[in-house]
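One file, work-v1.txt, is given below (compact mmCIF, C-alpha atoms and all ligand atoms).
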```txt
# COMPACT_ATOMS: atom_id res chain seq x y z
CA MET U 1 -81.64 91.16 -99.27
CA THR U 2 -84.45 89.80 -101.43
CA ALA U 3 -86.76 87.03 -100.26
CA THR U 4 -85.88 83.55 -101.48
CA LEU U 5 -88.06 81.67 -103.95
CA GLU U 6 -88.99 79.26 -101.18
CA GLN U 7 -90.16 82.11 -98.93
CA ARG U 8 -92.24 83.60 -101.73
CA LEU U 9 -93.87 80.33 -102.65
CA ASP U 10 -94.70 79.64 -99.01
CA ALA U 11 -96.35 83.08 -98.69
CA PHE U 12 -98.25 82.58 -101.98
CA ARG U 13 -99.52 79.16 -100.84
CA ARG U 14 -100.72 80.64 -97.54
CA LEU U 15 -102.43 83.48 -99.39
CA ASP U 16 -104.18 80.91 -101.61
CA ASP U 17 -105.54 79.21 -98.47
CA ALA U 18 -106.80 82.41 -96.90
CA LYS U 19 -108.22 83.66 -100.18
CA LEU U 20 -110.22 80.52 -100.93
CA THR U 21 -111.52 80.34 -97.37
CA PHE U 22 -112.79 83.93 -97.47
CA ALA U 23 -114.07 83.55 -101.03
CA ARG U 24 -116.29 80.64 -99.91
CA ARG U 25 -117.92 83.10 -97.49
CA ASP U 26 -118.51 85.68 -100.25
CA TRP U 27 -116.11 88.11 -98.61
CA PHE U 28 -114.68 89.33 -101.97
CA PRO U 29 -117.69 90.72 -103.89
CA GLY U 30 -116.87 92.35 -107.22
CA THR U 31 -113.09 91.72 -107.01
CA SER U 32 -112.92 93.67 -103.75
CA GLY U 33 -110.50 92.85 -100.95
CA ASN U 34 -106.76 92.34 -100.73
CA LEU U 35 -104.46 90.14 -98.67
CA SER U 36 -100.81 90.20 -97.70
CA ILE U 37 -98.26 88.14 -95.81
CA LYS U 38 -94.97 89.58 -94.63
CA ILE U 39 -91.90 87.76 -95.88
CA GLN U 40 -89.13 89.72 -94.19
CA ASP U 41 -88.31 92.80 -92.14
CA GLU U 42 -85.48 95.21 -92.87
CA PRO U 43 -85.86 95.72 -95.63
CA LEU U 44 -89.60 95.11 -95.47
CA GLN U 45 -90.94 92.78 -98.15
CA PHE U 46 -94.40 91.29 -98.30
CA ALA U 47 -96.46 89.24 -100.71
CA VAL U 48 -99.68 90.98 -101.73
CA THR U 49 -102.61 90.27 -104.03
CA ALA U 50 -102.44 91.74 -107.51
CA SER U 51 -104.97 94.48 -108.20
CA GLY U 52 -108.38 93.87 -109.73
CA LYS U 53 -108.27 90.06 -109.75
CA ASP U 54 -111.24 87.82 -109.19
CA LYS U 55 -110.34 86.70 -105.68
CA THR U 56 -112.62 83.69 -105.80
CA LYS U 57 -110.22 82.03 -108.23
CA LEU U 58 -106.61 80.84 -108.26
CA SER U 59 -104.22 81.73 -111.05
CA PRO U 60 -100.43 81.89 -111.45
CA GLU U 61 -100.72 85.69 -111.56
CA ASP U 62 -102.41 86.33 -108.22
CA TYR U 63 -99.57 87.70 -106.07
CA LEU U 64 -96.37 89.67 -106.17
CA VAL U 65 -93.75 90.76 -103.66
CA VAL U 66 -93.40 94.44 -102.81
CA ASP U 67 -91.14 96.58 -100.63
CA GLN U 68 -91.81 99.23 -97.97
CA ASP U 69 -92.76 101.72 -100.70
CA SER U 70 -95.30 99.26 -102.19
CA ARG U 71 -93.06 98.79 -105.25
CA PRO U 72 -92.55 95.32 -106.79
CA VAL U 73 -89.16 93.95 -105.78
CA GLU U 74 -88.64 92.51 -109.25
CA ALA U 75 -89.86 93.20 -112.76
CA THR U 76 -93.46 92.05 -113.27
CA SER U 77 -96.46 92.90 -115.38
CA LEU U 78 -98.65 92.56 -112.28
CA LYS U 79 -99.91 95.63 -110.43
CA PRO U 80 -99.98 95.41 -106.65
CA SER U 81 -103.31 96.01 -104.94
CA ALA U 82 -104.36 99.65 -105.16
CA GLU U 83 -104.48 99.56 -101.34
CA THR U 84 -101.00 98.11 -100.81
CA LEU U 85 -99.95 101.25 -98.95
CA ILE U 86 -102.35 100.34 -96.13
CA HIS U 87 -100.65 96.95 -95.69
CA ALA U 88 -97.28 98.73 -95.64
CA VAL U 89 -98.52 101.12 -92.94
CA VAL U 90 -99.62 98.18 -90.77
CA TYR U 91 -96.26 96.39 -91.13
CA GLN U 92 -94.31 99.58 -90.53
CA LYS U 93 -96.32 100.55 -87.46
CA PHE U 94 -96.48 97.09 -85.88
CA ALA U 95 -93.26 95.12 -86.22
CA LYS U 96 -95.07 92.05 -84.88
CA ALA U 97 -97.68 92.03 -87.69
CA GLY U 98 -97.06 89.16 -90.09
CA ALA U 99 -100.25 89.12 -92.17
CA CYS U 100 -102.94 91.63 -93.06
CA PHE U 101 -106.33 90.84 -94.60
CA HIS U 102 -108.95 93.18 -96.08
CA VAL U 103 -112.52 92.21 -96.93
CA HIS U 104 -115.71 94.01 -97.85
CA THR U 105 -118.80 92.51 -96.22
CA VAL U 106 -122.33 93.82 -95.80
CA TRP U 107 -121.98 93.57 -92.00
CA ASN U 108 -118.72 95.49 -91.75
CA ASN U 109 -120.10 98.14 -94.13
CA LEU U 110 -123.30 98.53 -92.09
CA ILE U 111 -121.42 98.88 -88.81
CA SER U 112 -118.92 101.33 -90.33
CA GLU U 113 -121.74 103.59 -91.51
CA LEU U 114 -123.90 103.25 -88.42
CA TYR U 115 -121.07 104.26 -86.07
CA PHE U 116 -119.10 106.61 -88.29
CA GLY U 117 -120.43 109.58 -86.31
CA GLN U 118 -118.52 108.30 -83.29
CA ARG U 119 -115.50 107.31 -85.42
CA ALA U 120 -115.55 104.00 -83.54
CA PHE U 121 -117.58 100.87 -82.87
CA THR U 122 -117.63 99.66 -79.26
CA ILE U 123 -118.85 96.30 -78.02
CA GLN U 124 -118.62 94.60 -74.64
CA GLY U 125 -119.22 91.23 -73.04
CA GLN U 126 -119.09 89.04 -76.13
CA GLU U 127 -117.20 85.74 -75.98
CA LEU U 128 -115.73 86.25 -79.46
CA ILE U 129 -113.72 89.22 -78.16
CA LYS U 130 -111.36 86.48 -76.99
CA GLY U 131 -110.77 85.74 -80.67
CA LEU U 132 -108.94 89.06 -80.74
CA GLY U 133 -106.58 87.82 -78.04
CA ILE U 134 -108.35 89.85 -75.31
CA TRP U 135 -109.21 87.55 -72.41
CA GLU U 136 -110.20 89.87 -69.57
CA GLU U 137 -113.60 89.47 -67.88
CA ASN U 138 -116.41 91.38 -69.62
CA ALA U 139 -113.90 92.99 -72.00
CA ARG U 140 -114.92 96.03 -73.99
CA ILE U 141 -113.31 96.79 -77.35
CA THR U 142 -113.40 99.83 -79.57
CA VAL U 143 -112.68 99.48 -83.28
CA PRO U 144 -111.69 102.75 -85.00
CA ILE U 145 -113.54 103.89 -88.14
CA VAL U 146 -111.97 106.19 -90.74
CA GLU U 147 -113.47 108.09 -93.66
CA ASN U 148 -113.26 106.32 -97.02
CA PHE U 149 -110.84 108.75 -98.68
CA ALA U 150 -110.46 107.99 -102.40
CA ASP U 151 -106.84 109.09 -102.29
CA ILE U 152 -104.98 106.07 -100.91
CA PRO U 153 -102.06 107.96 -99.31
CA THR U 154 -104.67 110.10 -97.45
CA LEU U 155 -106.58 106.95 -96.44
CA ALA U 156 -103.38 105.21 -95.32
CA ALA U 157 -102.35 108.27 -93.27
CA ALA U 158 -105.79 108.36 -91.59
CA ILE U 159 -105.46 104.68 -90.73
CA GLU U 160 -101.91 105.12 -89.46
CA LYS U 161 -103.19 107.75 -87.02
CA VAL U 162 -105.92 105.65 -85.38
CA ILE U 163 -104.63 102.08 -85.23
CA THR U 164 -103.25 100.78 -81.93
CA PRO U 165 -101.49 97.58 -80.85
CA GLU U 166 -104.49 96.62 -78.64
CA ILE U 167 -107.05 96.32 -81.46
CA PRO U 168 -105.86 94.43 -84.57
CA GLY U 169 -108.21 96.05 -87.03
CA VAL U 170 -109.72 99.22 -88.48
CA LEU U 171 -112.99 99.90 -90.30
CA ILE U 172 -113.19 102.13 -93.35
CA ARG U 173 -116.57 103.81 -93.74
CA ASN U 174 -118.82 102.04 -96.26
CA HIS U 175 -115.80 100.18 -97.56
CA GLY U 176 -114.55 97.32 -95.39
CA ILE U 177 -112.15 96.19 -92.70
CA TYR U 178 -108.41 95.66 -92.41
CA ALA U 179 -107.42 93.08 -89.79
CA TRP U 180 -103.93 91.83 -89.03
CA GLY U 181 -102.06 89.45 -86.77
CA GLY U 182 -98.67 87.95 -86.03
CA ASN U 183 -99.17 85.47 -88.87
CA ASP U 184 -101.85 84.37 -91.32
CA PHE U 185 -103.53 82.06 -88.76
CA GLU U 186 -103.87 84.90 -86.25
CA ALA U 187 -104.95 87.50 -88.82
CA LYS U 188 -107.70 85.10 -89.99
CA ARG U 189 -108.85 84.52 -86.41
CA HIS U 190 -109.00 88.27 -85.80
CA LEU U 191 -110.90 88.90 -89.03
CA GLU U 192 -113.42 86.17 -88.21
CA ALA U 193 -113.90 87.51 -84.68
CA PHE U 194 -114.51 91.04 -85.98
CA GLU U 195 -116.97 89.83 -88.58
CA PHE U 196 -118.87 87.77 -85.98
CA LEU U 197 -119.10 90.80 -83.66
CA PHE U 198 -120.31 93.09 -86.46
CA GLU U 199 -122.95 90.63 -87.65
CA TYR U 200 -124.09 89.83 -84.13
CA HIS U 201 -124.46 93.49 -83.25
CA ALA U 202 -126.28 94.46 -86.45
CA ARG U 203 -128.68 91.51 -86.13
CA TRP U 204 -129.24 92.27 -82.45
CA LEU U 205 -130.23 95.85 -83.30
CA GLN U 206 -132.68 94.57 -85.93
CA LEU U 207 -134.17 91.98 -83.60
CA ARG U 208 -134.50 94.45 -80.74
CA GLN U 209 -136.27 96.89 -83.06
CA ALA U 210 -138.64 94.15 -84.24
CA VAL U 211 -139.43 93.16 -80.65
CA VAL U 212 -140.03 96.79 -79.63
CA SER U 213 -142.37 97.30 -82.62
CA THR U 214 -144.28 94.09 -81.85
CA THR U 215 -144.72 94.81 -78.15
CA SER U 216 -145.69 98.46 -78.66
CA ASN U 217 -148.53 97.52 -81.07
C1 LIG U 301 -113.84 96.71 -106.70
S1 LIG U 301 -113.54 97.10 -105.04
C2 LIG U 301 -112.66 98.65 -105.09
C3 LIG U 301 -111.21 98.56 -104.68
C4 LIG U 301 -111.09 97.97 -103.31
O1 LIG U 301 -111.62 98.54 -102.35
C5 LIG U 301 -110.44 96.73 -103.07
O2 LIG U 301 -110.43 96.24 -101.94
C6 LIG U 301 -109.77 95.97 -104.16
O3 LIG U 301 -108.72 96.65 -104.72
P1 LIG U 301 -107.47 95.84 -105.35
O4 LIG U 301 -106.69 96.87 -106.08
O5 LIG U 301 -106.75 95.24 -104.19
O6 LIG U 301 -108.04 94.77 -106.23
ZN ZN U 302 -111.11 97.64 -100.39
```

For the structure just supplied, provide its representation as structure tokens.
Amino acid sequence: MTATLEQRLDAFRRLDDAKLTFARRDWFPGTSGNLSIKIQDEPLQFAVTASGKDKTKLSPEDYLVVDQDSRPVEATSLKPSAETLIHAVVYQKFAKAGACFHVHTVWNNLISELYFGQRAFTIQGQELIKGLGIWEENARITVPIVENFADIPTLAAAIEKVITPEIPGVLIRNHGIYAWGGNDFEAKRHLEAFEFLFEYHARWLQLRQAVVSTTSN
């Protein structure tokens, strides 16, 4: 069954909200980034951003609905995001995922490069870990990092291999982050928590280095 017009418009309106919020933070430099919201399971259909658009703006041609094979469910001149397959992998692996957001930021790129050798970024004892829905005392989280394969099926397969239900996100080396959640509200909260943790950690490393240099002089 195909999603109703009402369901599509609701997803598009929610994507507008998320898009403008992230755009205000400069999280879509150079047309980068893509967003999706699931509309239905079985058969999977989700609304996704069209490829190559300026995501700081709204237009009537911003989104389309695709199926589990990332194909538009109806005739359209719009091309789905080049990275739609990654959204499909997330929805197919985690039935509970209802929205998936991808942004390129300087902080997520720095962390992804700095910790690529370990294929993961680990952080512990930060309050914002609770923003990921993890409430245990002194929690420690590990975010996987994958190589930035140019071939999207290869990239999607690499992501499929490392993502787990415990951590709602994955870093792509020198590229960006995918974060997801049960709905758009939760996916946004997860994305914001990740970005806070990345920025905090990168700034803390800088500050610590500056303090060490000052005190050793
Ligand atoms: C100009 S950024 C390169 C492509 C990319 O990584 C991205 O997130 C945007 O691709 P899309 O096809 O979704 O516009
Ligand atoms: Zn990207």

Handout entry: Distance filter 8 Å around ligand ZN 302 (chain U), atoms: all atoms listed in the file, out as a list in words
Key = Ser32, Gly33, Asn34, Glu83, His102, Val103, His104, His175, Gly176 and Ile177 of chain U

Which centre and edge lengths in Å to one decimal define the box along x, y and z that fits every listed atom of region 5-14 of chain U plus 6 Å per side, as lines of an AutoDock Vina configuration file?
```
center_x = -94.4
center_y = 81.4
center_z = -100.7
size_x = 24.7
size_y = 16.4
size_z = 18.4
```

Problem - Option closest in space to Ile152 (chain U), from U:Leu191, U:Ala97, U:Val211, U:Leu85 [counting all atoms listed in the file] - result: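 Closest candidate: U:Leu85.
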
Exercise for the section: Show which residues sit within 7 Å of Ser51 (chain U), as JSON, numbers by chain. Count all atoms listed in the file, and ignore same-chain residues fewer than 3 positions away. Expected result: {"U": [79, 80, 81, 82]}

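Taking all atoms listed in the file, the non-local environment of Arg14 (chain U) within 10 Å (same-chain residues fewer than 3 positions away omitted) comprises Arg8, Leu9, Asp10, Ala11, Asp17, Ala18, Lys19, Ser36, Ile37, Asp184 and Phe185 of chain U.
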
Please dump the current selection as a CSV table (one decimal), in the coordinates of the input; keep C-alpha atoms.
```
chain,number,residue,atom,x,y,z
U,8,ARG,CA,-92.2,83.6,-101.7
U,9,LEU,CA,-93.9,80.3,-102.6
U,10,ASP,CA,-94.7,79.6,-99.0
U,11,ALA,CA,-96.4,83.1,-98.7
U,17,ASP,CA,-105.5,79.2,-98.5
U,18,ALA,CA,-106.8,82.4,-96.9
U,19,LYS,CA,-108.2,83.7,-100.2
U,36,SER,CA,-100.8,90.2,-97.7
U,37,ILE,CA,-98.3,88.1,-95.8
U,184,ASP,CA,-101.8,84.4,-91.3
U,185,PHE,CA,-103.5,82.1,-88.8
```

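Minimum atom-to-atom distance to Thr76 (chain U), evaluated using all atoms listed in the file, belongs to U:Ala50 out of U:Ala50, U:Leu35, U:Ala95, U:Ala150.
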
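With only the atoms specified (only C-alpha atoms) counting, those residues at most 12 Å away from (-121.6, 106.7, -90.9) are Asn108, Asn109, Leu110, Ile111, Ser112, Glu113, Leu114, Tyr115, Phe116, Gly117, Gln118, Arg119, Ala120, Phe121, Ile145, Val146, Glu147, Asn148, Leu171, Ile172, Arg173, Asn174 and His175 of chain U.
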
Completion exercise
note - atom O6 of ligand LIG 301 (chain U) and CA of Val170 (chain U) are separated by 18.4 Å

Problem - Of the listed residues U:Gly125, U:Gly131, U:Pro43, U:Pro29, that which approaches ligand LIG 301 (chain U) most closely, counting only C-alpha atoms and all ligand atoms - result: U:Pro29

Problem - Among listed residues U:Thr164, U:Tyr178, U:Leu44, U:Lys38, nearest ligand LIG 301 (chain U) (using all atoms listed in the file) - result: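 Checking each of U:Thr164, U:Tyr178, U:Leu44, U:Lys38 against ligand LIG 301 (chain U), counting all atoms listed in the file, the winner is U:Tyr178.
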
Problem - Proximity to Val48 (chain U) - best of U:Phe94, U:Ala99, U:Pro60, U:Glu6, all atoms listed in the file - result: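 Answer, going by the shortest atom-to-atom distance: U:Ala99.
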
Exercise for the section: Could you check which of U:Lys93, U:Arg24, U:Arg189, U:Arg71 is closest to Ala47 (chain U), using all atoms listed in the file? Expected result: U:Arg71

Completion exercise
From CA of Trp107 (chain U) to CA of His201 (chain U) the spacing works out at 9.1 Å

Name all residues at most 8 Å from Leu128 (chain U) (count all atoms listed in the file; drop same-chain ones fewer than 2 positions away) and give them as an mmCIF file with C-alpha atoms, in the frame of the given file.
```
data_model
loop_
_atom_site.group_PDB
_atom_site.id
_atom_site.type_symbol
_atom_site.label_atom_id
_atom_site.label_comp_id
_atom_site.auth_asym_id
_atom_site.auth_seq_id
_atom_site.Cartn_x
_atom_site.Cartn_y
_atom_site.Cartn_z
ATOM 1 C CA GLN U 126 -119.090 89.040 -76.130
ATOM 2 C CA LYS U 130 -111.360 86.480 -76.990
ATOM 3 C CA GLY U 131 -110.770 85.740 -80.670
ATOM 4 C CA LEU U 132 -108.940 89.060 -80.740
ATOM 5 C CA ALA U 193 -113.900 87.510 -84.680
ATOM 6 C CA PHE U 196 -118.870 87.770 -85.980
ATOM 7 C CA LEU U 197 -119.100 90.800 -83.660
#
```

Exercise for the section: Using CA of Ile159 (chain U) and CA of Val90 (chain U) as the two end points, give the distance in Å to one decimal. Expected result: 8.7 Å

Practice task
Go ahead and find all residues with at least one atom no further than 9 Å from (-89.9, 92.7, -96.8) in the file's coordinates, using all atoms listed in the file; report them as number ranges by chain.
Solution key: U: 1-3, 38-47, 65-68

Could you model all heavy atoms for region 144-155 of chain U and present them as a PDB file, in the frame of the given file?
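Contents of the output file rebuild_11.pdb:
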```pdb
ATOM      1  N   PRO U 144    -111.625 101.432 -84.344  1.00  0.00           N
ATOM      2  CA  PRO U 144    -111.690 102.750 -85.000  1.00  0.00           C
ATOM      3  C   PRO U 144    -112.315 102.679 -86.398  1.00  0.00           C
ATOM      4  O   PRO U 144    -112.224 101.649 -87.073  1.00  0.00           O
ATOM      5  CB  PRO U 144    -110.220 103.180 -85.076  1.00  0.00           C
ATOM      6  CG  PRO U 144    -109.422 101.934 -84.977  1.00  0.00           C
ATOM      7  CD  PRO U 144    -110.251 100.933 -84.208  1.00  0.00           C
ATOM      8  N   ILE U 145    -112.937 103.792 -86.789  1.00  0.00           N
ATOM      9  CA  ILE U 145    -113.540 103.890 -88.140  1.00  0.00           C
ATOM     10  C   ILE U 145    -112.988 105.156 -88.802  1.00  0.00           C
ATOM     11  O   ILE U 145    -113.035 106.240 -88.203  1.00  0.00           O
ATOM     12  CB  ILE U 145    -115.078 104.004 -88.080  1.00  0.00           C
ATOM     13  CG1 ILE U 145    -115.680 102.854 -87.251  1.00  0.00           C
ATOM     14  CG2 ILE U 145    -115.670 104.017 -89.499  1.00  0.00           C
ATOM     15  CD1 ILE U 145    -117.183 103.014 -86.986  1.00  0.00           C
ATOM     16  N   VAL U 146    -112.482 105.021 -90.022  1.00  0.00           N
ATOM     17  CA  VAL U 146    -111.970 106.190 -90.740  1.00  0.00           C
ATOM     18  C   VAL U 146    -112.834 106.466 -91.965  1.00  0.00           C
ATOM     19  O   VAL U 146    -113.516 105.572 -92.476  1.00  0.00           O
ATOM     20  CB  VAL U 146    -110.486 106.028 -91.180  1.00  0.00           C
ATOM     21  CG1 VAL U 146    -109.577 105.879 -89.981  1.00  0.00           C
ATOM     22  CG2 VAL U 146    -110.320 104.872 -92.160  1.00  0.00           C
ATOM     23  N   GLU U 147    -112.767 107.706 -92.436  1.00  0.00           N
ATOM     24  CA  GLU U 147    -113.470 108.090 -93.660  1.00  0.00           C
ATOM     25  C   GLU U 147    -112.883 107.310 -94.837  1.00  0.00           C
ATOM     26  O   GLU U 147    -111.687 106.979 -94.835  1.00  0.00           O
ATOM     27  CB  GLU U 147    -113.320 109.614 -93.875  1.00  0.00           C
ATOM     28  CG  GLU U 147    -114.040 110.176 -95.068  1.00  0.00           C
ATOM     29  CD  GLU U 147    -115.544 109.891 -95.065  1.00  0.00           C
ATOM     30  OE1 GLU U 147    -115.942 108.775 -95.482  1.00  0.00           O
ATOM     31  OE2 GLU U 147    -116.308 110.778 -94.679  1.00  0.00           O
ATOM     32  N   ASN U 148    -113.723 107.082 -95.844  1.00  0.00           N
ATOM     33  CA  ASN U 148    -113.260 106.320 -97.020  1.00  0.00           C
ATOM     34  C   ASN U 148    -112.663 107.277 -98.058  1.00  0.00           C
ATOM     35  O   ASN U 148    -113.225 107.480 -99.129  1.00  0.00           O
ATOM     36  CB  ASN U 148    -114.440 105.541 -97.601  1.00  0.00           C
ATOM     37  CG  ASN U 148    -114.000 104.636 -98.730  1.00  0.00           C
ATOM     38  OD1 ASN U 148    -112.833 104.238 -98.796  1.00  0.00           O
ATOM     39  ND2 ASN U 148    -114.916 104.313 -99.627  1.00  0.00           N
ATOM     40  N   PHE U 149    -111.491 107.826 -97.738  1.00  0.00           N
ATOM     41  CA  PHE U 149    -110.840 108.750 -98.680  1.00  0.00           C
ATOM     42  C   PHE U 149    -110.474 108.006 -99.967  1.00  0.00           C
ATOM     43  O   PHE U 149    -109.888 106.921 -99.912  1.00  0.00           O
ATOM     44  CB  PHE U 149    -109.576 109.334 -98.057  1.00  0.00           C
ATOM     45  CG  PHE U 149    -109.835 110.146 -96.821  1.00  0.00           C
ATOM     46  CD1 PHE U 149    -109.498 109.662 -95.566  1.00  0.00           C
ATOM     47  CD2 PHE U 149    -110.430 111.405 -96.920  1.00  0.00           C
ATOM     48  CE1 PHE U 149    -109.747 110.414 -94.421  1.00  0.00           C
ATOM     49  CE2 PHE U 149    -110.679 112.162 -95.775  1.00  0.00           C
ATOM     50  CZ  PHE U 149    -110.335 111.661 -94.527  1.00  0.00           C
ATOM     51  N   ALA U 150    -110.780 108.629-101.115  1.00  0.00           N
ATOM     52  CA  ALA U 150    -110.460 107.990-102.400  1.00  0.00           C
ATOM     53  C   ALA U 150    -108.950 107.986-102.639  1.00  0.00           C
ATOM     54  O   ALA U 150    -108.418 107.079-103.291  1.00  0.00           O
ATOM     55  CB  ALA U 150    -111.172 108.713-103.531  1.00  0.00           C
ATOM     56  N   ASP U 151    -108.291 108.990-102.109  1.00  0.00           N
ATOM     57  CA  ASP U 151    -106.840 109.090-102.290  1.00  0.00           C
ATOM     58  C   ASP U 151    -106.169 108.135-101.279  1.00  0.00           C
ATOM     59  O   ASP U 151    -106.304 108.322-100.062  1.00  0.00           O
ATOM     60  CB  ASP U 151    -106.407 110.545-102.034  1.00  0.00           C
ATOM     61  CG  ASP U 151    -104.906 110.709-102.132  1.00  0.00           C
ATOM     62  OD1 ASP U 151    -104.367 110.505-103.234  1.00  0.00           O
ATOM     63  OD2 ASP U 151    -104.275 111.009-101.099  1.00  0.00           O
ATOM     64  N   ILE U 152    -105.484 107.129-101.801  1.00  0.00           N
ATOM     65  CA  ILE U 152    -104.980 106.070-100.910  1.00  0.00           C
ATOM     66  C   ILE U 152    -103.919 106.566 -99.927  1.00  0.00           C
ATOM     67  O   ILE U 152    -103.964 106.179 -98.752  1.00  0.00           O
ATOM     68  CB  ILE U 152    -104.494 104.845-101.731  1.00  0.00           C
ATOM     69  CG1 ILE U 152    -105.672 104.265-102.560  1.00  0.00           C
ATOM     70  CG2 ILE U 152    -103.913 103.773-100.816  1.00  0.00           C
ATOM     71  CD1 ILE U 152    -106.863 103.761-101.749  1.00  0.00           C
ATOM     72  N   PRO U 153    -102.982 107.438-100.321  1.00  0.00           N
ATOM     73  CA  PRO U 153    -102.060 107.960 -99.310  1.00  0.00           C
ATOM     74  C   PRO U 153    -102.805 108.686 -98.169  1.00  0.00           C
ATOM     75  O   PRO U 153    -102.434 108.568 -97.000  1.00  0.00           O
ATOM     76  CB  PRO U 153    -101.147 108.904-100.096  1.00  0.00           C
ATOM     77  CG  PRO U 153    -101.172 108.343-101.502  1.00  0.00           C
ATOM     78  CD  PRO U 153    -102.571 107.838-101.690  1.00  0.00           C
ATOM     79  N   THR U 154    -103.877 109.417 -98.502  1.00  0.00           N
ATOM     80  CA  THR U 154    -104.670 110.100 -97.450  1.00  0.00           C
ATOM     81  C   THR U 154    -105.351 109.062 -96.563  1.00  0.00           C
ATOM     82  O   THR U 154    -105.358 109.175 -95.328  1.00  0.00           O
ATOM     83  CB  THR U 154    -105.727 111.024 -98.102  1.00  0.00           C
ATOM     84  OG1 THR U 154    -105.055 111.921 -98.984  1.00  0.00           O
ATOM     85  CG2 THR U 154    -106.509 111.802 -97.064  1.00  0.00           C
ATOM     86  N   LEU U 155    -105.917 108.027 -97.203  1.00  0.00           N
ATOM     87  CA  LEU U 155    -106.580 106.950 -96.440  1.00  0.00           C
ATOM     88  C   LEU U 155    -105.572 106.238 -95.538  1.00  0.00           C
ATOM     89  O   LEU U 155    -105.832 106.007 -94.346  1.00  0.00           O
ATOM     90  CB  LEU U 155    -107.232 105.960 -97.421  1.00  0.00           C
ATOM     91  CG  LEU U 155    -107.911 104.741 -96.820  1.00  0.00           C
ATOM     92  CD1 LEU U 155    -109.041 105.146 -95.868  1.00  0.00           C
ATOM     93  CD2 LEU U 155    -108.476 103.843 -97.938  1.00  0.00           C
TER      94      LEU U 155
END
```
